[in-house]
Amino acid sequence: MGTFIDNQEKQLRKQYHLLSRELGMSDEDRRAMLHDNFSVDSSADLDAHQLIDLVHTLEKRLGNETDDWRKRVIASIGGWLRSEGMEKPDPVENMRYIKQIACRATQHRIFNSIPLARLRNLYHEFRNKQTDKRQVDFIVDEELARHALLTQPLAEA
């Protein structure tokens, strides 16, 4: 059975790996961060204080990245609402509507509790909806124009 410090270090290492995974860091990225900041090749070589610093750094980075993705989600859902003609006239009401859509889509009660991975997925889904709608609208317009040309009566000479 390990000491209290050993258990703390083990939990901090788990947290470090979880955070680095959430940030999408590769093995090379993790090794480079450890080497650049602590001159070690593995998190097993860090003491408790170093692990605390490392986890804190990653939490700050994750927080900043999560905020960026929240803004992207808001913009992508807002763009989709505009393209569908469903945007609310009042900006405050529109923001509330956007956050409700995001929460319903991810089955979260609070917008700020949506995890980073889900925010990324949500952003891409709503961007794809907009792209697909533009492409479908273009094809439909082309087909309607072609159909109109084919069904026009011939002018008499």
# chains A, B, ... in the order shown; residues from 1 in each chain; ligands from 1
>>> select_by_dssp(residues="stretch 52-132 of chain A", states="alpha helix (DSSP H)", output="number ranges by chain")
A: 52-84, 91-106, 116-132
>>> write_last_selection(atoms="C-alpha atoms", output="mmCIF file, in the first residue's frame")
data_model
loop_
_atom_site.group_PDB
_atom_site.id
_atom_site.type_symbol
_atom_site.label_atom_id
_atom_site.label_comp_id
_atom_site.auth_asym_id
_atom_site.auth_seq_id
_atom_site.Cartn_x
_atom_site.Cartn_y
_atom_site.Cartn_z
ATOM 1 C CA ILE A 52 0.549 19.818 -9.889
ATOM 2 C CA ASP A 53 2.166 22.505 -12.071
ATOM 3 C CA LEU A 54 1.716 20.375 -15.181
ATOM 4 C CA VAL A 55 -1.943 19.599 -14.460
ATOM 5 C CA HIS A 56 -2.634 23.256 -13.704
ATOM 6 C CA THR A 57 -1.049 24.312 -17.018
ATOM 7 C CA LEU A 58 -3.128 21.785 -18.958
ATOM 8 C CA GLU A 59 -6.327 22.794 -17.143
ATOM 9 C CA LYS A 60 -5.741 26.426 -18.125
ATOM 10 C CA ARG A 61 -5.083 25.414 -21.719
ATOM 11 C CA LEU A 62 -8.186 23.212 -21.752
ATOM 12 C CA GLY A 63 -10.272 26.024 -20.285
ATOM 13 C CA ASN A 64 -9.120 28.425 -22.994
ATOM 14 C CA GLU A 65 -9.710 25.861 -25.723
ATOM 15 C CA THR A 66 -13.135 24.978 -24.316
ATOM 16 C CA ASP A 67 -14.122 28.653 -24.306
ATOM 17 C CA ASP A 68 -13.011 28.952 -27.937
ATOM 18 C CA TRP A 69 -15.096 25.914 -28.902
ATOM 19 C CA ARG A 70 -18.130 27.286 -27.027
ATOM 20 C CA LYS A 71 -17.885 30.441 -29.134
ATOM 21 C CA ARG A 72 -17.582 28.362 -32.297
ATOM 22 C CA VAL A 73 -20.644 26.309 -31.343
ATOM 23 C CA ILE A 74 -22.643 29.483 -30.715
ATOM 24 C CA ALA A 75 -21.565 30.857 -34.102
ATOM 25 C CA SER A 76 -22.319 27.624 -35.974
ATOM 26 C CA ILE A 77 -25.775 27.183 -34.444
ATOM 27 C CA GLY A 78 -26.477 30.895 -34.985
ATOM 28 C CA GLY A 79 -25.448 30.565 -38.631
ATOM 29 C CA TRP A 80 -27.689 27.565 -39.075
ATOM 30 C CA LEU A 81 -30.628 29.414 -37.469
ATOM 31 C CA ARG A 82 -30.052 32.347 -39.851
ATOM 32 C CA SER A 83 -29.919 30.023 -42.859
ATOM 33 C CA GLU A 84 -33.210 28.457 -41.771
ATOM 34 C CA PRO A 91 -30.066 39.025 -29.277
ATOM 35 C CA VAL A 92 -30.513 37.880 -25.664
ATOM 36 C CA GLU A 93 -33.409 35.614 -26.598
ATOM 37 C CA ASN A 94 -31.444 34.325 -29.603
ATOM 38 C CA MET A 95 -28.436 33.462 -27.402
ATOM 39 C CA ARG A 96 -30.706 31.631 -24.966
ATOM 40 C CA TYR A 97 -32.268 29.733 -27.899
ATOM 41 C CA ILE A 98 -28.831 28.768 -29.268
ATOM 42 C CA LYS A 99 -27.708 27.469 -25.869
ATOM 43 C CA GLN A 100 -30.964 25.513 -25.462
ATOM 44 C CA ILE A 101 -30.391 23.847 -28.837
ATOM 45 C CA ALA A 102 -26.815 22.939 -27.847
ATOM 46 C CA CYS A 103 -27.976 21.546 -24.504
ATOM 47 C CA ARG A 104 -30.759 19.490 -26.071
ATOM 48 C CA ALA A 105 -28.405 18.167 -28.747
ATOM 49 C CA THR A 106 -25.846 17.012 -26.158
ATOM 50 C CA LEU A 116 -14.829 19.790 -25.163
ATOM 51 C CA ALA A 117 -15.257 16.684 -27.331
ATOM 52 C CA ARG A 118 -19.024 17.218 -27.534
ATOM 53 C CA LEU A 119 -18.522 20.914 -28.372
ATOM 54 C CA ARG A 120 -16.260 19.936 -31.263
ATOM 55 C CA ASN A 121 -18.818 17.437 -32.555
ATOM 56 C CA LEU A 122 -21.663 19.917 -32.229
ATOM 57 C CA TYR A 123 -19.751 22.637 -34.057
ATOM 58 C CA HIS A 124 -18.931 20.336 -36.974
ATOM 59 C CA GLU A 125 -22.484 19.000 -37.185
ATOM 60 C CA PHE A 126 -24.007 22.469 -37.485
ATOM 61 C CA ARG A 127 -21.325 23.615 -39.937
ATOM 62 C CA ASN A 128 -22.013 20.509 -42.032
ATOM 63 C CA LYS A 129 -25.753 21.255 -41.920
ATOM 64 C CA GLN A 130 -25.065 24.701 -43.376
ATOM 65 C CA THR A 131 -22.711 23.381 -46.051
ATOM 66 C CA ASP A 132 -25.120 20.598 -47.015
#
>>> residues_around(residues="stretch 4-11 of chain A", least_positions_apart="4", cutoff="8 Å", atoms="only C-alpha atoms", output="VMD selection string")
chain A and resid 15 47 to 48 51
